[in-house]
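Listing of target_7.cif, mmCIF, C-alpha atoms
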data_start
#
loop_
_atom_site.label_atom_id
_atom_site.label_comp_id
_atom_site.auth_asym_id
_atom_site.auth_seq_id
_atom_site.Cartn_x
_atom_site.Cartn_y
_atom_site.Cartn_z
CA MET A 1 -160.46 5.54 -104.01
CA PRO A 2 -161.28 9.05 -105.31
CA ALA A 3 -158.40 10.49 -107.32
CA PHE A 4 -157.83 13.46 -105.04
CA LEU A 5 -157.30 11.16 -102.08
CA SER A 6 -154.83 9.12 -104.10
CA ARG A 7 -152.98 12.36 -104.80
CA LEU A 8 -152.81 12.96 -101.06
CA HIS A 9 -151.36 9.46 -100.68
CA VAL A 10 -154.03 8.74 -98.13
CA GLY A 11 -153.77 5.05 -98.79
CA ARG A 12 -150.27 4.74 -97.42
CA LEU A 13 -150.47 7.05 -94.43
CA ALA A 14 -152.23 6.87 -91.11
CA VAL A 15 -154.88 9.47 -91.69
CA VAL A 16 -157.56 11.07 -89.61
CA MET A 17 -160.27 13.02 -91.37
CA THR A 18 -161.88 15.73 -89.40
CA LEU A 19 -164.15 18.67 -89.85
CA VAL A 20 -162.83 21.36 -87.59
CA ALA A 21 -164.09 24.56 -86.05
CA SER A 22 -163.45 26.92 -83.14
CA VAL A 23 -159.82 27.47 -83.86
CA GLY A 24 -157.58 29.10 -81.31
CA VAL A 25 -153.83 29.63 -81.42
CA THR A 26 -152.47 28.69 -78.05
CA TRP A 27 -148.77 29.41 -78.26
CA ALA A 28 -145.79 29.79 -80.51
CA ILE A 29 -142.54 28.05 -79.72
CA SER A 30 -140.14 30.36 -81.48
CA ALA A 31 -139.98 33.53 -83.50
CA SER A 32 -137.73 34.88 -86.20
CA ALA A 33 -137.72 37.58 -88.80
CA HIS A 34 -136.21 35.28 -91.37
CA VAL A 35 -139.17 33.63 -92.98
CA ALA A 36 -139.90 33.80 -96.65
CA TYR A 37 -143.30 35.44 -96.55
CA ASP A 38 -144.60 38.61 -95.04
CA GLY A 39 -148.10 39.39 -93.83
CA SER A 40 -149.53 39.19 -97.31
CA GLY A 41 -148.37 35.61 -97.57
CA ARG A 42 -146.11 36.51 -100.47
CA PHE A 43 -142.44 37.11 -100.97
CA ARG A 44 -141.27 40.57 -100.37
CA HIS A 45 -140.22 42.22 -103.57
CA GLN A 46 -136.94 43.98 -103.07
CA SER A 47 -134.06 44.80 -105.37
CA HIS A 48 -133.25 42.95 -108.55
CA SER A 49 -130.33 41.22 -110.08
CA ARG A 50 -129.91 39.06 -113.12
CA ASN A 51 -127.46 36.89 -111.24
CA LEU A 52 -128.30 34.50 -108.48
CA PHE A 53 -125.34 32.93 -106.72
CA PHE A 54 -125.85 29.48 -105.36
CA TRP A 55 -123.83 28.02 -102.48
CA ASN A 56 -124.43 24.36 -101.83
CA THR A 57 -123.44 22.90 -98.46
CA VAL A 58 -125.95 20.09 -98.59
CA THR A 59 -124.45 17.04 -96.90
CA SER A 60 -126.67 14.33 -98.32
CA ASP A 61 -125.18 13.02 -101.58
CA ARG A 62 -128.59 12.58 -103.14
CA TRP A 63 -129.88 16.00 -102.15
CA TRP A 64 -126.59 17.57 -103.28
CA GLN A 65 -126.78 16.03 -106.72
CA GLN A 66 -130.42 16.94 -107.21
CA THR A 67 -129.92 20.54 -106.09
CA ARG A 68 -126.94 20.72 -108.44
CA ASP A 69 -129.05 19.37 -111.30
CA ALA A 70 -131.83 21.82 -110.47
CA GLN A 71 -129.38 24.71 -110.51
CA ILE A 72 -128.06 23.67 -113.92
CA HIS A 73 -131.62 23.30 -115.18
CA TRP A 74 -132.64 26.76 -114.00
CA ASP A 75 -129.49 28.32 -115.42
CA THR A 76 -130.06 26.63 -118.77
CA VAL A 77 -133.71 27.49 -119.21
CA MET A 78 -133.43 31.07 -118.00
CA GLN A 79 -130.39 32.16 -120.02
CA PRO A 80 -129.75 34.91 -120.89
CA ALA A 81 -132.42 36.63 -118.80
CA LEU A 82 -131.35 35.22 -115.47
CA GLN A 83 -128.30 33.30 -114.37
CA PHE A 84 -127.94 30.75 -111.61
CA ASN A 85 -124.24 30.87 -110.89
CA THR A 86 -122.17 28.97 -108.37
CA ALA A 87 -121.01 31.33 -105.65
CA SER A 88 -117.37 31.55 -104.67
CA SER A 89 -118.21 31.68 -100.98
CA VAL A 90 -121.17 31.69 -98.68
CA ALA A 91 -120.67 35.39 -98.14
CA SER A 92 -121.19 36.12 -101.81
CA SER A 93 -124.13 33.78 -102.23
CA THR A 94 -127.76 34.74 -102.65
CA ILE A 95 -129.08 31.20 -102.17
CA HIS A 96 -127.48 28.98 -99.59
CA ALA A 97 -128.69 25.38 -99.72
CA VAL A 98 -128.55 23.43 -96.49
CA ASP A 99 -130.05 20.15 -95.42
CA GLY A 100 -130.70 18.42 -92.14
CA ASN A 101 -133.17 16.31 -90.31
CA TYR A 102 -135.53 19.05 -89.22
CA GLY A 103 -138.15 16.56 -88.12
CA GLN A 104 -141.89 16.45 -88.70
CA THR A 105 -142.23 20.04 -89.77
CA GLY A 106 -144.68 19.49 -92.59
CA TYR A 107 -142.28 20.71 -95.26
CA ILE A 108 -139.60 18.96 -97.27
CA GLY A 109 -138.21 22.16 -98.73
CA PHE A 110 -138.31 25.73 -97.49
CA ALA A 111 -137.23 28.99 -99.09
CA ASP A 112 -136.22 30.89 -96.00
CA GLY A 113 -135.13 34.36 -96.81
CA TRP A 114 -135.95 37.43 -98.69
CA GLY A 115 -136.95 36.10 -102.07
CA TYR A 116 -137.06 38.06 -105.26
CA HIS A 117 -133.35 37.94 -105.83
CA ALA A 118 -132.43 40.22 -102.96
CA GLY A 119 -129.91 39.66 -100.24
CA HIS A 120 -129.28 36.17 -99.10
CA GLY A 121 -131.57 33.35 -98.15
CA HIS A 122 -131.51 29.71 -97.23
CA MET A 123 -132.96 26.81 -99.11
CA GLN A 124 -133.63 24.28 -96.39
CA LEU A 125 -134.07 20.66 -97.42
CA ASN A 126 -135.56 18.39 -94.81
CA ASP A 127 -133.97 14.94 -94.71
CA TYR A 128 -136.81 13.69 -92.54
CA TYR A 129 -139.09 13.69 -95.55
CA GLY A 130 -136.38 13.31 -98.19
CA ARG A 131 -135.24 9.88 -97.07
CA GLY A 132 -136.52 7.19 -99.37
CA GLN A 133 -137.94 9.63 -101.89
CA PRO A 134 -137.03 9.18 -105.55
CA ASP A 135 -134.40 11.45 -107.09
CA ALA A 136 -137.03 13.09 -109.29
CA TYR A 137 -138.93 14.27 -106.22
CA LEU A 138 -135.80 15.67 -104.59
CA GLN A 139 -135.02 17.57 -107.77
CA LYS A 140 -138.60 18.83 -107.97
CA VAL A 141 -138.29 20.21 -104.45
CA SER A 142 -134.94 21.85 -105.26
CA CYS A 143 -136.34 23.32 -108.47
CA HIS A 144 -139.38 24.58 -106.55
CA GLU A 145 -137.42 26.37 -103.85
CA MET A 146 -135.03 27.93 -106.38
CA GLY A 147 -138.09 29.17 -108.22
CA HIS A 148 -139.18 31.03 -105.12
CA PHE A 149 -135.81 32.76 -105.00
CA ALA A 150 -136.26 33.64 -108.66
CA GLY A 151 -139.52 35.30 -107.73
CA LEU A 152 -142.12 32.69 -108.55
CA ALA A 153 -145.18 31.86 -106.52
CA HIS A 154 -146.92 28.51 -106.61
CA SER A 155 -148.36 27.12 -109.81
CA SER A 156 -151.47 25.00 -110.29
CA ASP A 157 -149.80 23.15 -113.16
CA ALA A 158 -148.63 19.67 -112.14
CA THR A 159 -146.16 19.67 -115.05
CA ASP A 160 -144.34 22.60 -113.45
CA CYS A 161 -142.05 22.22 -110.44
CA MET A 162 -143.69 25.28 -108.86
CA VAL A 163 -146.80 23.25 -108.16
CA SER A 164 -147.20 22.84 -104.44
CA GLY A 165 -148.71 19.99 -102.55
CA SER A 166 -148.15 16.31 -102.81
CA ASP A 167 -148.71 15.73 -106.49
CA PHE A 168 -146.33 16.51 -109.33
CA ASP A 169 -145.64 15.30 -112.83
CA SER A 170 -142.34 17.04 -113.52
CA GLN A 171 -139.23 17.98 -111.58
CA LEU A 172 -138.55 20.86 -113.99
CA ILE A 173 -139.88 24.35 -114.50
CA GLY A 174 -142.65 24.28 -117.11
CA SER A 175 -141.65 25.56 -120.52
CA SER A 176 -144.45 28.14 -120.69
CA HIS A 177 -143.64 29.36 -117.20
CA ALA A 178 -139.95 29.66 -118.11
CA GLN A 179 -140.82 31.59 -121.26
CA GLN A 180 -143.01 33.92 -119.26
CA MET A 181 -140.16 34.48 -116.83
CA ARG A 182 -137.66 35.19 -119.63
CA ASN A 183 -140.04 37.63 -121.27
CA THR A 184 -140.66 39.44 -118.00
CA TRP A 185 -136.99 39.72 -117.21
CA ASN A 186 -136.08 40.78 -120.75
CA SER A 187 -138.79 43.44 -120.90
CA THR A 188 -138.53 44.88 -117.43
CA GLY A 189 -135.12 43.87 -116.18
CA HIS A 190 -136.68 42.30 -113.13
CA MET B 1 -130.73 32.70 -88.33
CA GLY B 2 -127.07 31.91 -88.62
CA GLU B 3 -125.03 30.30 -91.30
CA PRO B 4 -124.50 26.72 -92.41
CA GLY B 5 -125.53 23.77 -90.45
CA GLU B 6 -128.25 25.64 -88.68
CA THR B 7 -131.44 23.86 -87.86
CA GLU B 8 -135.03 24.94 -88.11
CA ALA B 9 -134.67 26.77 -84.80
CA GLY B 10 -135.06 30.18 -86.37
CA ILE B 11 -138.29 29.37 -88.14
CA PRO B 12 -141.44 30.27 -86.21
CA THR B 13 -143.84 27.46 -85.51
CA GLN B 14 -147.18 27.22 -83.81
CA ARG B 15 -149.25 24.68 -82.01
CA ILE B 16 -152.90 25.37 -82.57
CA THR B 17 -155.84 23.95 -80.68
CA LEU B 18 -158.69 22.73 -82.86
CA VAL B 19 -162.06 21.26 -82.02
CA ALA B 20 -163.33 18.33 -84.05
CA GLU B 21 -166.94 18.80 -85.11
CA GLU B 22 -167.11 15.61 -87.12
CA ARG B 23 -164.81 12.65 -87.52
CA TRP B 24 -165.01 11.10 -90.95
CA PHE B 25 -162.65 8.26 -90.15
CA GLY B 26 -159.81 7.49 -87.85
CA SER B 27 -159.64 8.40 -84.21
CA ILE B 28 -158.82 11.82 -82.86
CA PRO B 29 -159.58 13.62 -79.60
CA SER B 30 -162.42 16.13 -79.62
CA ARG B 31 -159.80 18.80 -78.94
CA PHE B 32 -156.43 18.30 -80.55
CA THR B 33 -153.31 20.19 -81.53
CA VAL B 34 -152.03 20.94 -85.01
CA PHE B 35 -148.36 21.74 -85.55
CA LYS B 36 -147.81 24.51 -88.07
CA THR B 37 -144.73 26.19 -89.52
CA GLY B 38 -145.11 29.97 -89.53
CA SER B 39 -146.62 32.58 -87.25
CA ASP B 40 -149.60 34.92 -87.29
CA SER B 41 -147.60 37.46 -89.27
CA ARG B 42 -145.35 35.30 -91.45
CA TRP B 43 -146.19 32.05 -93.09
CA ILE B 44 -145.46 29.66 -95.91
CA GLU B 45 -147.22 30.55 -99.12
CA ASP B 46 -150.79 29.21 -99.29
CA ASP B 47 -150.65 28.10 -95.66
CA PRO B 48 -152.00 31.15 -93.81
CA PRO B 49 -152.68 31.31 -90.08
CA TYR B 50 -155.76 29.61 -88.73
CA LYS B 51 -158.37 31.99 -87.38
CA PRO B 52 -161.02 31.39 -84.74
CA GLY B 53 -164.34 30.40 -86.22
CA GLU B 54 -162.98 28.98 -89.46
CA THR B 55 -163.92 25.49 -90.54
CA TYR B 56 -161.65 23.06 -92.34
CA ALA B 57 -161.63 19.53 -93.60
CA LEU B 58 -158.25 18.27 -92.50
CA TYR B 59 -156.50 15.14 -93.68
CA LEU B 60 -154.13 14.56 -90.82
CA THR B 61 -151.31 12.38 -89.67
CA GLU B 62 -150.01 12.24 -86.10
CA ARG B 63 -146.57 13.45 -85.11
CA ASP B 64 -144.42 11.63 -82.61
CA ASP B 65 -145.20 14.29 -80.00
CA GLY B 66 -148.96 13.77 -80.29
CA ALA B 67 -149.68 16.86 -82.38
CA TYR B 68 -151.11 16.47 -85.87
CA LEU B 69 -150.03 17.63 -89.31
CA PRO B 70 -151.88 17.73 -92.62
CA VAL B 71 -150.66 14.74 -94.64
CA ALA B 72 -149.62 17.14 -97.37
CA PRO B 73 -149.85 20.90 -97.89
CA ASP B 74 -153.09 20.38 -99.79
CA GLY B 75 -154.51 18.28 -96.96
CA ARG B 76 -155.92 21.46 -95.39
CA VAL B 77 -159.18 22.37 -97.11
CA LYS B 78 -161.15 25.39 -95.98
CA ILE B 79 -164.91 24.97 -95.81
CA VAL B 80 -166.88 28.12 -96.53
CA ASP B 81 -170.68 28.01 -96.60
CA GLY B 82 -170.45 24.24 -96.70
CA LYS B 83 -168.22 24.19 -99.81
CA ALA B 84 -164.57 23.25 -100.24
CA GLU B 85 -162.20 26.17 -100.86
CA PRO B 86 -158.73 24.60 -101.16
CA LEU B 87 -155.91 26.90 -100.12
CA ILE B 88 -153.29 25.55 -102.49
CA PRO B 89 -153.71 25.58 -106.27
CA GLY B 90 -153.01 22.31 -108.02
CA PRO B 91 -154.48 18.99 -109.04
CA VAL B 92 -156.13 18.31 -105.69
CA ALA B 93 -157.74 21.74 -105.61
CA GLU B 94 -159.01 21.36 -109.15
CA GLU B 95 -160.72 18.14 -108.18
CA ILE B 96 -162.48 19.24 -105.04
CA GLU B 97 -163.01 23.00 -105.48
CA GLY B 98 -166.63 23.77 -104.71
CA ASP B 99 -167.49 20.28 -103.51
CA SER B 100 -169.81 20.15 -100.54
CA ALA B 101 -168.51 18.97 -97.20
CA GLU B 102 -170.95 16.08 -97.51
CA SER B 103 -169.37 15.10 -100.83
CA LEU B 104 -165.89 15.18 -99.29
CA GLU B 105 -167.14 13.07 -96.43
CA ASN B 106 -168.69 10.54 -98.79
CA GLN B 107 -165.50 10.31 -100.81
CA SER B 108 -163.50 9.91 -97.63
CA THR B 109 -165.79 7.18 -96.37
CA THR B 110 -165.41 5.43 -99.70
CA ALA B 111 -161.66 5.69 -99.37
CA GLN B 112 -161.81 4.13 -95.93
CA GLY B 113 -163.56 1.15 -97.43
CA ASP B 114 -160.89 0.87 -100.12
CA GLN B 115 -158.01 0.58 -97.66
#
Would you write the structure of this file as structure tokens?
Amino acid sequence: MPAFLSRLHVGRLAVVMTLVASVGVTWAISASAHVAYDGSGRFRHQSHSRNLFFWNTVTSDRWWQQTRDAQIHWDTVMQPALQFNTASSVASSTIHAVDGNYGQTGYIGFADGWGYHAGHGHMQLNDYYGRGQPDAYLQKVSCHEMGHFAGLAHSSDATDCMVSGSDFDSQLIGSSHAQQMRNTWNSTGH
Amino acid sequence: MGEPGETEAGIPTQRITLVAEERWFGSIPSRFTVFKTGSDSRWIEDDPPYKPGETYALYLTERDDGAYLPVAPDGRVKIVDGKAEPLIPGPVAEEIEGDSAESLENQSTTAQGDQ
């Protein structure tokens, strides 16, 4: 099997391959202002803070532990430029982690909010896809979504948790990416 | 969206009608529906809205409700002038960027034989 198809895990899923054209949106089932990306497809860049406050109400023991580990990892690698603190309440939090069985949505993790360290957003972790996944993958997802709240877009580096898609080699932020983040924060304050 | 315990209810989603021009393997209706998180104005990074007239190679799995989803975020590959233009950066994109649709089809057919 070609490597890229192995990366898509084609071999263990029921897959249809199709070349598609003539696309038409027929209807939307809901609408909300609270989605991570605006019309440019990127996070909105709002105000800045060196402190992110994390509130974890994840109910799954495995998700909870992996989000906790991801928070500690982010806090460790970003010090002193950026801190990932534990909030004292949901009201004071900037990242609120929740989980649930959200069904076949196509995402396992979702940074739903304002991004770029402003306001308050939700890190949604989808138990539908999380069940049966190894701890390393759950931590990678947690690390990835926290990275969005820290202001990062996707990475093409599979050794960096900000890589999107189905393939990853590390559940942690890449060292060069972390250094770049620290330098940016230290030089600009945001 | 409210506070803890909320579901995905506040997140916009779409059901999009697509027409299959070619089936590389597996069965699918000639017109089918893709479920997508996001809307025409807000979407998940690297997963922009579909637009009429675009062509994609899609690696799909079926949902319980009969709609389809890409098997992974990088299972949606845009085809421009007959060449693959992956939407999401990463290992999959690096492997297939610029490949012809015919090459993708051949690789997919090979994969079918491997299963």
Contact residues around region 121-124 of chain A with only C-alpha atoms at 7 Å, ignoring same-chain residues under 5 positions, as a PyMOL selection string
chain A and resi 94-99+109-114+145
For the residues selected in the previous step, produce a file with C-alpha atoms as a PDB file, in the coordinates of the input.
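The result, written out as result.pdb:
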ATOM      1  CA  THR A  94    -127.760  34.740-102.650  1.00  0.00           C
ATOM      2  CA  ILE A  95    -129.080  31.200-102.170  1.00  0.00           C
ATOM      3  CA  HIS A  96    -127.480  28.980 -99.590  1.00  0.00           C
ATOM      4  CA  ALA A  97    -128.690  25.380 -99.720  1.00  0.00           C
ATOM      5  CA  VAL A  98    -128.550  23.430 -96.490  1.00  0.00           C
ATOM      6  CA  ASP A  99    -130.050  20.150 -95.420  1.00  0.00           C
ATOM      7  CA  GLY A 109    -138.210  22.160 -98.730  1.00  0.00           C
ATOM      8  CA  PHE A 110    -138.310  25.730 -97.490  1.00  0.00           C
ATOM      9  CA  ALA A 111    -137.230  28.990 -99.090  1.00  0.00           C
ATOM     10  CA  ASP A 112    -136.220  30.890 -96.000  1.00  0.00           C
ATOM     11  CA  GLY A 113    -135.130  34.360 -96.810  1.00  0.00           C
ATOM     12  CA  TRP A 114    -135.950  37.430 -98.690  1.00  0.00           C
ATOM     13  CA  GLU A 145    -137.420  26.370-103.850  1.00  0.00           C
TER      14      GLU A 145
END
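Computed from the coordinates, the CA of Gly26 (chain B) to CA of Asn126 (chain A) distance equals 27.5 Å.
At a cut-off of 9 Å from (-129.2, 15.2, -98.4), the residue set is Val58, Thr59, Ser60, Asp61, Arg62, Trp63, Trp64, Gln65, Val98, Asp99, Gly100, Leu125, Asn126, Asp127, Gly130 and Arg131 of chain A (counting only C-alpha atoms).
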Requested write-out: C-alpha atoms of the selected residues, as a PDB file, keeping the file's coordinate frame:
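Final file, out_39.pdb:
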ATOM      1  CA  VAL A  58    -125.950  20.090 -98.590  1.00  0.00           C
ATOM      2  CA  THR A  59    -124.450  17.040 -96.900  1.00  0.00           C
ATOM      3  CA  SER A  60    -126.670  14.330 -98.320  1.00  0.00           C
ATOM      4  CA  ASP A  61    -125.180  13.020-101.580  1.00  0.00           C
ATOM      5  CA  ARG A  62    -128.590  12.580-103.140  1.00  0.00           C
ATOM      6  CA  TRP A  63    -129.880  16.000-102.150  1.00  0.00           C
ATOM      7  CA  TRP A  64    -126.590  17.570-103.280  1.00  0.00           C
ATOM      8  CA  GLN A  65    -126.780  16.030-106.720  1.00  0.00           C
ATOM      9  CA  VAL A  98    -128.550  23.430 -96.490  1.00  0.00           C
ATOM     10  CA  ASP A  99    -130.050  20.150 -95.420  1.00  0.00           C
ATOM     11  CA  GLY A 100    -130.700  18.420 -92.140  1.00  0.00           C
ATOM     12  CA  LEU A 125    -134.070  20.660 -97.420  1.00  0.00           C
ATOM     13  CA  ASN A 126    -135.560  18.390 -94.810  1.00  0.00           C
ATOM     14  CA  ASP A 127    -133.970  14.940 -94.710  1.00  0.00           C
ATOM     15  CA  GLY A 130    -136.380  13.310 -98.190  1.00  0.00           C
ATOM     16  CA  ARG A 131    -135.240   9.880 -97.070  1.00  0.00           C
TER      17      ARG A 131
END
Report as a list of chain:residue names the residues that result from applying the PyMOL selection byres ((chain B and resi 46) around 6) to the structure here.
B:Glu45, B:Asp47, B:Pro48, B:Leu87, B:Ile88
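Look at Ser156 (chain A): the protein and nucleic acid residues within 7 Å of it, using all atoms listed in the file and passing over chain neighbours fewer than 2 places away, are A:His154, A:Ala158, A:Val163, B:Pro89, B:Gly90, B:Pro91.
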Contacts of Asn51 (chain A) at 10 Å (all atoms listed in the file; same-chain gap of 4+ positions) as a PyMOL selection string:
chain A and resi 75+81-86+94+117+150
Selection result of the PyMOL selection byres ((chain A and resi 162) around 8) on this file, as number ranges by chain:
A: 143-144, 147, 152-157, 160-161, 163-164, 173
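Atom to atom, CA of Ser88 (chain A) and CA of Ser142 (chain A) stand 20.1 Å apart.
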